[in-house]
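Okay, run-v4.csv is below, CSV, C-alpha atoms:
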chain,number,residue,atom,x,y,z
A,41,MET,CA,39.1,2.6,-133.2
A,42,LYS,CA,36.4,0.0,-133.6
A,43,LYS,CA,36.8,-1.1,-130.1
A,44,VAL,CA,36.4,2.4,-128.8
A,45,PHE,CA,33.2,2.8,-130.8
A,46,LEU,CA,31.7,-0.4,-129.5
A,47,GLY,CA,32.5,0.6,-125.9
A,48,THR,CA,30.9,4.0,-126.3
A,49,LEU,CA,27.8,2.4,-127.8
A,50,THR,CA,27.5,-0.1,-125.0
A,51,MET,CA,27.8,2.6,-122.4
A,52,ALA,CA,25.1,4.7,-124.1
A,53,ILE,CA,22.7,1.7,-124.1
A,54,VAL,CA,23.4,1.0,-120.4
A,55,LEU,CA,22.8,4.6,-119.5
A,56,SER,CA,19.6,4.6,-121.6
A,57,SER,CA,18.3,1.5,-119.9
A,58,CYS,CA,18.9,2.9,-116.4
A,59,VAL,CA,16.9,6.0,-117.2
A,60,SER,CA,13.9,3.9,-118.5
A,61,GLN,CA,13.8,1.7,-115.4
A,62,LYS,CA,13.7,4.7,-113.1
A,63,LYS,CA,10.9,6.3,-115.1
A,64,TYR,CA,9.0,3.1,-115.0
A,65,ALA,CA,9.3,2.8,-111.2
A,66,ASP,CA,8.1,6.4,-110.8
A,67,LEU,CA,5.1,5.7,-113.1
A,68,GLU,CA,4.3,2.5,-111.2
A,69,ALA,CA,4.4,4.3,-107.9
A,70,LYS,CA,2.2,7.0,-109.2
A,71,HIS,CA,-0.2,4.4,-110.6
A,72,LYS,CA,-0.4,2.7,-107.2
A,73,GLU,CA,-1.0,6.0,-105.5
A,74,THR,CA,-3.8,6.8,-108.0
A,75,GLN,CA,-5.4,3.4,-107.5
A,76,ASP,CA,-5.4,3.8,-103.7
A,77,LEU,CA,-7.0,7.2,-104.1
A,78,LEU,CA,-9.6,5.7,-106.4
A,79,ASN,CA,-10.4,2.8,-103.9
A,80,SER,CA,-10.7,5.3,-101.1
A,81,ALA,CA,-13.0,7.5,-103.2
A,82,THR,CA,-15.1,4.4,-104.1
A,83,VAL,CA,-15.6,3.5,-100.4
A,84,LYS,CA,-16.6,7.0,-99.5
A,85,LEU,CA,-19.0,7.1,-102.5
A,86,ASN,CA,-20.6,3.8,-101.3
A,87,ASP,CA,-21.0,5.3,-97.8
A,88,CYS,CA,-22.6,8.4,-99.2
A,89,LEU,CA,-25.0,6.3,-101.2
A,90,GLU,CA,-26.0,4.2,-98.1
A,91,GLU,CA,-26.5,7.4,-96.1
A,92,LYS,CA,-28.6,8.9,-98.9
A,93,ALA,CA,-30.8,5.7,-99.0
A,94,THR,CA,-31.2,5.8,-95.2
A,95,ALA,CA,-32.0,9.5,-95.3
A,96,SER,CA,-34.5,9.0,-98.1
A,97,SER,CA,-36.2,6.2,-96.1
A,98,LYS,CA,-36.5,8.5,-93.0
A,99,LEU,CA,-37.8,11.3,-95.2
A,100,LYS,CA,-40.5,9.0,-96.6
A,101,THR,CA,-41.5,7.9,-93.1
A,102,LEU,CA,-41.6,11.5,-91.9
A,103,GLU,CA,-43.7,12.4,-94.9
A,104,ASP,CA,-46.1,9.6,-94.2
A,105,GLN,CA,-46.4,10.6,-90.5
A,106,ASN,CA,-46.9,14.2,-91.6
A,107,ALA,CA,-49.7,13.2,-93.9
A,108,PHE,CA,-51.3,11.1,-91.2
A,109,LEU,CA,-51.1,13.9,-88.7
A,110,LYS,CA,-52.6,16.3,-91.2
A,111,ALA,CA,-55.5,13.9,-91.8
A,112,ASN,CA,-56.1,13.5,-88.1
A,113,ASN,CA,-55.9,17.2,-87.6
A,114,GLN,CA,-58.5,17.7,-90.3
A,115,GLU,CA,-60.7,15.1,-88.7
A,116,LEU,CA,-60.4,16.8,-85.3
A,117,ILE,CA,-61.2,20.1,-86.9
A,118,ASN,CA,-64.3,18.5,-88.6
A,119,ASN,CA,-65.4,17.0,-85.3
A,120,MET,CA,-65.0,20.3,-83.5
A,121,GLY,CA,-67.1,21.8,-86.2
A,122,ASN,CA,-69.7,19.2,-85.7
A,123,LEU,CA,-69.7,19.8,-82.0
A,124,THR,CA,-70.0,23.5,-82.3
A,125,THR,CA,-72.9,23.1,-84.7
A,126,LEU,CA,-74.8,20.7,-82.4
A,127,THR,CA,-78.4,21.7,-82.3
A,128,THR,CA,-80.5,22.2,-79.2
A,129,LYS,CA,-82.5,19.1,-80.1
A,130,GLY,CA,-79.3,17.1,-80.3
A,131,ALA,CA,-78.2,18.4,-76.9
A,132,GLU,CA,-81.6,17.3,-75.4
A,133,ASN,CA,-81.2,13.9,-76.9
A,134,LEU,CA,-77.8,13.6,-75.4
A,135,GLU,CA,-79.1,14.6,-72.0
A,136,LYS,CA,-81.9,11.9,-72.3
A,137,SER,CA,-79.3,9.3,-73.2
A,138,LEU,CA,-77.2,10.2,-70.1
A,139,GLU,CA,-80.3,10.0,-68.0
A,140,SER,CA,-81.1,6.6,-69.4
A,141,LEU,CA,-77.6,5.5,-68.5
A,142,ARG,CA,-78.0,6.7,-65.0
A,143,GLU,CA,-81.3,4.9,-64.6
A,144,LYS,CA,-79.7,1.7,-65.9
A,145,ASP,CA,-76.8,2.1,-63.5
A,146,LEU,CA,-79.2,2.5,-60.7
A,147,THR,CA,-81.1,-0.6,-61.8
A,148,ILE,CA,-77.9,-2.6,-61.9
A,149,ARG,CA,-77.0,-1.5,-58.4
A,150,LYS,CA,-80.4,-2.5,-57.2
A,151,LEU,CA,-80.1,-5.9,-58.7
A,152,GLN,CA,-76.6,-6.3,-57.2
A,153,ASP,CA,-78.1,-5.4,-53.8
A,154,ALA,CA,-80.8,-8.1,-54.3
A,155,VAL,CA,-78.2,-10.7,-55.2
A,156,THR,CA,-76.3,-9.7,-52.1
A,157,ARG,CA,-79.4,-10.2,-50.0
A,158,ARG,CA,-80.1,-13.5,-51.6
A,159,ASP,CA,-76.5,-14.7,-51.0
A,160,SER,CA,-76.9,-13.7,-47.3
A,161,VAL,CA,-80.1,-15.7,-47.1
A,162,ASN,CA,-78.4,-18.7,-48.7
A,163,LEU,CA,-75.5,-18.5,-46.4
A,164,ALA,CA,-77.8,-18.5,-43.4
A,165,LEU,CA,-79.6,-21.5,-44.9
A,166,VAL,CA,-76.4,-23.4,-45.4
A,167,GLN,CA,-75.4,-22.7,-41.8
A,168,SER,CA,-78.8,-24.0,-40.6
A,169,LEU,CA,-78.5,-27.2,-42.6
A,170,LYS,CA,-75.0,-27.9,-41.5
A,171,GLY,CA,-76.1,-27.2,-37.9
A,172,VAL,CA,-79.0,-29.7,-37.9
A,173,LEU,CA,-77.2,-32.4,-39.9
A,174,GLY,CA,-74.3,-32.5,-37.5
A,175,ASN,CA,-70.9,-34.2,-38.1
A,176,LEU,CA,-71.9,-36.5,-40.9
A,177,ASP,CA,-69.3,-38.0,-43.2
A,178,ASP,CA,-68.6,-35.5,-46.1
A,179,GLU,CA,-68.8,-38.4,-48.5
A,180,ASP,CA,-72.3,-39.2,-47.4
A,181,ILE,CA,-73.8,-35.8,-47.2
A,182,GLU,CA,-72.6,-32.4,-48.5
A,183,VAL,CA,-74.0,-28.9,-48.3
A,184,SER,CA,-72.8,-26.3,-50.8
A,185,VAL,CA,-73.7,-23.1,-52.6
A,186,GLU,CA,-73.1,-22.9,-56.4
A,187,LYS,CA,-74.2,-19.9,-58.5
A,188,GLY,CA,-76.6,-18.6,-55.9
A,189,VAL,CA,-78.3,-22.0,-55.3
A,190,VAL,CA,-78.0,-24.2,-52.2
A,191,TYR,CA,-77.3,-27.9,-52.8
A,192,VAL,CA,-77.7,-30.8,-50.4
A,193,SER,CA,-76.2,-34.0,-51.9
A,194,ILE,CA,-77.0,-37.2,-50.0
A,195,SER,CA,-75.3,-40.5,-50.8
A,196,ASP,CA,-77.8,-43.3,-51.6
A,197,LYS,CA,-76.3,-45.6,-49.0
A,198,LEU,CA,-78.0,-43.3,-46.4
A,199,LEU,CA,-81.3,-43.4,-48.2
A,200,PHE,CA,-81.9,-46.7,-50.1
A,201,ARG,CA,-80.8,-50.2,-50.4
A,202,SER,CA,-79.2,-51.3,-53.7
A,203,GLY,CA,-81.7,-51.3,-56.6
A,204,SER,CA,-84.5,-50.2,-54.2
A,205,TYR,CA,-86.6,-47.0,-53.9
A,206,ASN,CA,-87.9,-47.7,-50.4
A,207,ILE,CA,-86.7,-45.2,-47.8
A,208,THR,CA,-84.5,-46.7,-45.0
A,209,SER,CA,-84.9,-45.8,-41.3
A,210,ALA,CA,-81.6,-44.0,-41.4
A,211,ALA,CA,-82.9,-41.9,-44.3
A,212,ARG,CA,-85.9,-40.8,-42.3
A,213,ASN,CA,-83.6,-39.4,-39.7
A,214,VAL,CA,-81.6,-37.4,-42.3
A,215,LEU,CA,-84.8,-36.2,-44.1
A,216,GLY,CA,-86.4,-35.2,-40.8
A,217,LYS,CA,-83.4,-32.8,-40.2
A,218,VAL,CA,-83.6,-31.4,-43.6
A,219,ALA,CA,-87.4,-30.9,-43.2
A,220,LYS,CA,-86.8,-29.0,-40.0
A,221,VAL,CA,-84.8,-26.4,-41.8
A,222,VAL,CA,-86.9,-26.0,-45.0
A,223,ASN,CA,-90.1,-25.8,-42.9
A,224,ASN,CA,-88.6,-22.7,-41.2
A,225,LYS,CA,-87.8,-21.2,-44.6
A,226,PRO,CA,-91.3,-20.9,-46.3
A,227,ASP,CA,-90.0,-18.5,-48.9
A,228,PHE,CA,-87.9,-21.3,-50.5
A,229,GLU,CA,-88.8,-24.0,-53.0
A,230,PHE,CA,-86.7,-27.1,-53.7
A,231,LEU,CA,-86.1,-29.7,-56.3
A,232,VAL,CA,-85.3,-33.3,-55.4
A,233,GLU,CA,-83.1,-35.0,-58.0
A,234,GLY,CA,-82.5,-38.8,-58.1
A,235,HIS,CA,-79.2,-39.9,-59.6
A,236,THR,CA,-77.9,-43.4,-60.4
A,237,ASP,CA,-74.6,-44.9,-61.6
A,238,ASN,CA,-74.3,-46.3,-65.1
A,239,VAL,CA,-75.0,-49.9,-64.1
A,240,PRO,CA,-78.3,-50.8,-65.9
A,241,TYR,CA,-81.3,-51.4,-63.6
A,242,LYS,CA,-82.2,-55.1,-63.6
A,243,GLY,CA,-85.1,-55.2,-61.1
A,244,SER,CA,-88.5,-56.5,-61.7
A,245,GLY,CA,-92.0,-54.9,-61.6
A,246,ALA,CA,-93.0,-51.6,-63.0
A,247,LEU,CA,-89.5,-50.1,-63.2
A,248,VAL,CA,-87.9,-50.4,-66.6
A,249,ASP,CA,-84.5,-48.7,-66.3
A,250,ASN,CA,-82.3,-46.2,-64.5
A,251,TRP,CA,-84.7,-43.4,-65.5
A,252,ASP,CA,-87.5,-45.0,-63.6
A,253,LEU,CA,-85.3,-45.9,-60.6
A,254,SER,CA,-84.0,-42.3,-60.2
A,255,ALA,CA,-87.4,-40.8,-60.6
A,256,LYS,CA,-89.0,-43.2,-58.2
A,257,ARG,CA,-86.4,-42.5,-55.6
A,258,ALA,CA,-87.0,-38.8,-55.9
A,259,THR,CA,-90.8,-39.2,-55.5
A,260,SER,CA,-90.2,-41.5,-52.5
A,261,ILE,CA,-88.3,-38.6,-50.8
A,262,VAL,CA,-90.8,-35.9,-51.5
A,263,ARG,CA,-93.6,-38.2,-50.4
A,264,THR,CA,-91.8,-38.8,-47.1
A,265,LEU,CA,-91.1,-35.1,-46.6
A,266,GLN,CA,-94.8,-34.4,-47.2
A,267,ASN,CA,-96.4,-37.2,-45.3
A,268,ASP,CA,-94.0,-37.7,-42.4
A,269,PHE,CA,-92.6,-34.2,-41.9
A,270,ASN,CA,-95.4,-31.9,-43.1
A,271,VAL,CA,-93.5,-30.2,-45.9
A,272,ASP,CA,-95.8,-28.3,-48.2
A,273,PRO,CA,-96.0,-30.3,-51.4
A,274,LYS,CA,-96.5,-27.1,-53.5
A,275,ARG,CA,-92.9,-26.2,-52.6
A,276,MET,CA,-91.4,-29.5,-54.0
A,277,THR,CA,-90.6,-30.9,-57.4
A,278,ALA,CA,-89.3,-34.5,-57.9
A,279,ALA,CA,-87.0,-35.3,-60.9
A,280,GLY,CA,-85.1,-38.4,-62.1
A,281,ARG,CA,-81.8,-37.7,-63.8
A,282,SER,CA,-80.7,-41.3,-64.4
A,283,TYR,CA,-76.9,-41.6,-64.8
A,284,TYR,CA,-76.4,-38.7,-67.2
A,285,ILE,CA,-75.0,-36.2,-64.7
A,286,PRO,CA,-72.2,-38.1,-62.9
A,287,VAL,CA,-69.8,-36.5,-60.4
A,288,ALA,CA,-67.2,-39.2,-60.9
A,289,SER,CA,-66.1,-41.4,-63.8
A,290,ASN,CA,-68.0,-44.6,-63.1
A,291,ASP,CA,-64.8,-46.6,-63.7
A,292,THR,CA,-64.5,-47.9,-60.2
A,293,ALA,CA,-66.9,-49.1,-57.5
A,294,ALA,CA,-65.9,-46.0,-55.4
A,295,ASP,CA,-66.7,-43.7,-58.3
A,296,ARG,CA,-70.0,-45.4,-59.0
A,297,ALA,CA,-70.9,-45.0,-55.3
A,298,LYS,CA,-70.4,-41.2,-55.6
A,299,ASN,CA,-72.7,-41.1,-58.5
A,300,ARG,CA,-75.6,-42.9,-56.7
A,301,ARG,CA,-77.0,-39.9,-54.8
A,302,THR,CA,-80.0,-37.7,-54.2
A,303,ARG,CA,-79.6,-34.0,-54.6
A,304,ILE,CA,-81.9,-31.4,-53.0
A,305,VAL,CA,-81.7,-28.1,-54.8
A,306,VAL,CA,-83.0,-25.3,-52.6
A,307,LEU,CA,-83.7,-21.9,-54.2
A,308,PRO,CA,-85.8,-18.8,-53.4
A,309,LYS,CA,-89.2,-18.5,-55.0
A,310,ILE,CA,-89.1,-16.2,-58.0
A,311,ASP,CA,-91.6,-13.8,-56.5
A,312,GLN,CA,-89.5,-13.8,-53.3
A,313,PHE,CA,-86.4,-12.8,-55.4
A,314,TYR,CA,-88.4,-10.0,-57.0
A,315,SER,CA,-89.5,-8.9,-53.5
A,316,MET,CA,-85.8,-8.5,-52.6
A,317,ILE,CA,-85.4,-6.3,-55.7
A,318,GLU,CA,-88.4,-4.2,-54.8
A,319,GLU,CA,-87.2,-3.9,-51.2
A,320,GLY,CA,-83.8,-2.8,-52.5
A,321,MET,CA,-85.5,-0.1,-54.7
A,322,LYS,CA,-87.1,1.3,-51.5
A,323,ASP,CA,-83.8,1.6,-49.8
A,324,PRO,CA,-83.1,5.4,-49.4
A,325,ALA,CA,-79.3,4.7,-49.7
A,326,ILE,CA,-79.8,3.2,-53.1
A,327,GLY,CA,-82.7,5.5,-54.3
A,328,GLY,CA,-80.8,8.6,-53.2
A,329,SER,CA,-77.7,7.6,-55.1
A,330,GLY,CA,-79.5,7.7,-58.4
A,331,ASN,CA,-80.5,11.4,-58.2
Now that the file is in, can you turn its structure into structure tokens?
Amino acid sequence: MKKVFLGTLTMAIVLSSCVSQKKYADLEAKHKETQDLLNSATVKLNDCLEEKATASSKLKTLEDQNAFLKANNQELINNMGNLTTLTTKGAENLEKSLESLREKDLTIRKLQDAVTRRDSVNLALVQSLKGVLGNLDDEDIEVSVEKGVVYVSISDKLLFRSGSYNITSAARNVLGKVAKVVNNKPDFEFLVEGHTDNVPYKGSGALVDNWDLSAKRATSIVRTLQNDFNVDPKRMTAAGRSYYIPVASNDTAADRAKNRRTRIVVLPKIDQFYSMIEEGMKDPAIGGSGN
């Protein structure tokens, strides 16, 4: 009897244990399902929060743009109000300003026409100089136009011996050709510039340094142009520039040779340039365009 009781009790405990394990498994499965749903809901919540932040930012931008447009719109309205309330006196002042601008525009076009005329004269002068000077070595003599001014640069080896300011016979030939052109252009003045290299002058006599040498060479040239070729002295200016405006570095003998030069700067007389402007003002094509 005792054995039967123990067997029955054991069976009951086993059956009870089986039921508890099944319930636990069900609860665990439901817990996992619930956790999955919670995780999914959390992800969706985070997405919604990000979308809300983005939407809020866009809304703020749109609000700022709307405020800016409203302010501009108000400014435009104010400006329109100012224009509509413009007095007759204000309108007259505006018309005077426009007329002044038209006159300035006309003056600018007249000046441009005068500059064009000057450039044409300079071009003709360059062609004349190149024609009379012939096929000289470009390193010895060069004719150019820079900023509306004609330059004739002559190497000193064509004009002077080393350290000297006495004109050579070859120089007289070159200067005679230059004089032939400038004598045919009485409306031009010119500046004769003497340039040296940076080697200090070591001669004797009245000359002290490169300043003296460069100036003396310039005066020798203008004196020759005046005395030998009848160039009007009132049209000429002599200047010494020493070695302070080099065209090369002075590092080599070839560079120093380039710097030893005489430059003749040919330019229209100031009154001649103004005459060009006045002539342009009389041009019907220009005068008529300003009406």
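Residues within 6 Å of A:Gly234, counting all atoms listed in the file and excluding same-chain residues fewer than 3 positions away, are Ser254, Ala255, Arg257, Ala258, Gly280, Arg281 and Thr302 of chain A.
Computed from the coordinates, the atom CA of A:Lys242 to atom CA of A:Ser202 distance equals 11.0 Å.
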For A:Val214, which residue among A:Glu91, A:Glu115, A:Glu139, A:Asp180 is the nearest when counting only C-alpha atoms?
-> A:Asp180
Compile the contact shell of A:Asn299 as a list in words: residues with an atom at most 10 Å away, counting all atoms listed in the file, same-chain residues fewer than 5 positions apart removed.
-> Ser195, Asp196, His235, Thr236, Asp237, Asn238, Ser282, Tyr283, Tyr284, Ile285, Pro286, Val287, Ala288, Ser289, Asn290, Ala293 and Ala294 of chain A
Of the candidates A:Arg212, A:Lys136, A:Lys220, A:Lys197, which shows the shortest atom-to-atom distance to A:Ala297, using only C-alpha atoms?
->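 Of A:Arg212, A:Lys136, A:Lys220, A:Lys197, the one nearest A:Ala297, counting only C-alpha atoms, is A:Lys197.
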Hey, which of A:Leu215, A:Leu198, A:Leu77, A:Ala65 ends up closest to A:Arg301? Count only C-alpha atoms.
->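 For A:Arg301, the nearest of the given residues is A:Leu198.
Proximity of A:Glu73, A:Lys98, A:Asn112, A:Ala219 to A:Asn267, computed with all atoms listed in the file, is greatest for A:Ala219.
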Between atom CA of A:Leu102 and atom CA of A:Asn86, measure the distance and give it in Å to one decimal.
-> 24.3 Å
Atom CA of A:Glu68 and atom CA of A:Leu85 are how many Å apart?
->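 Computing it gives 25.3 Å between the two atoms.
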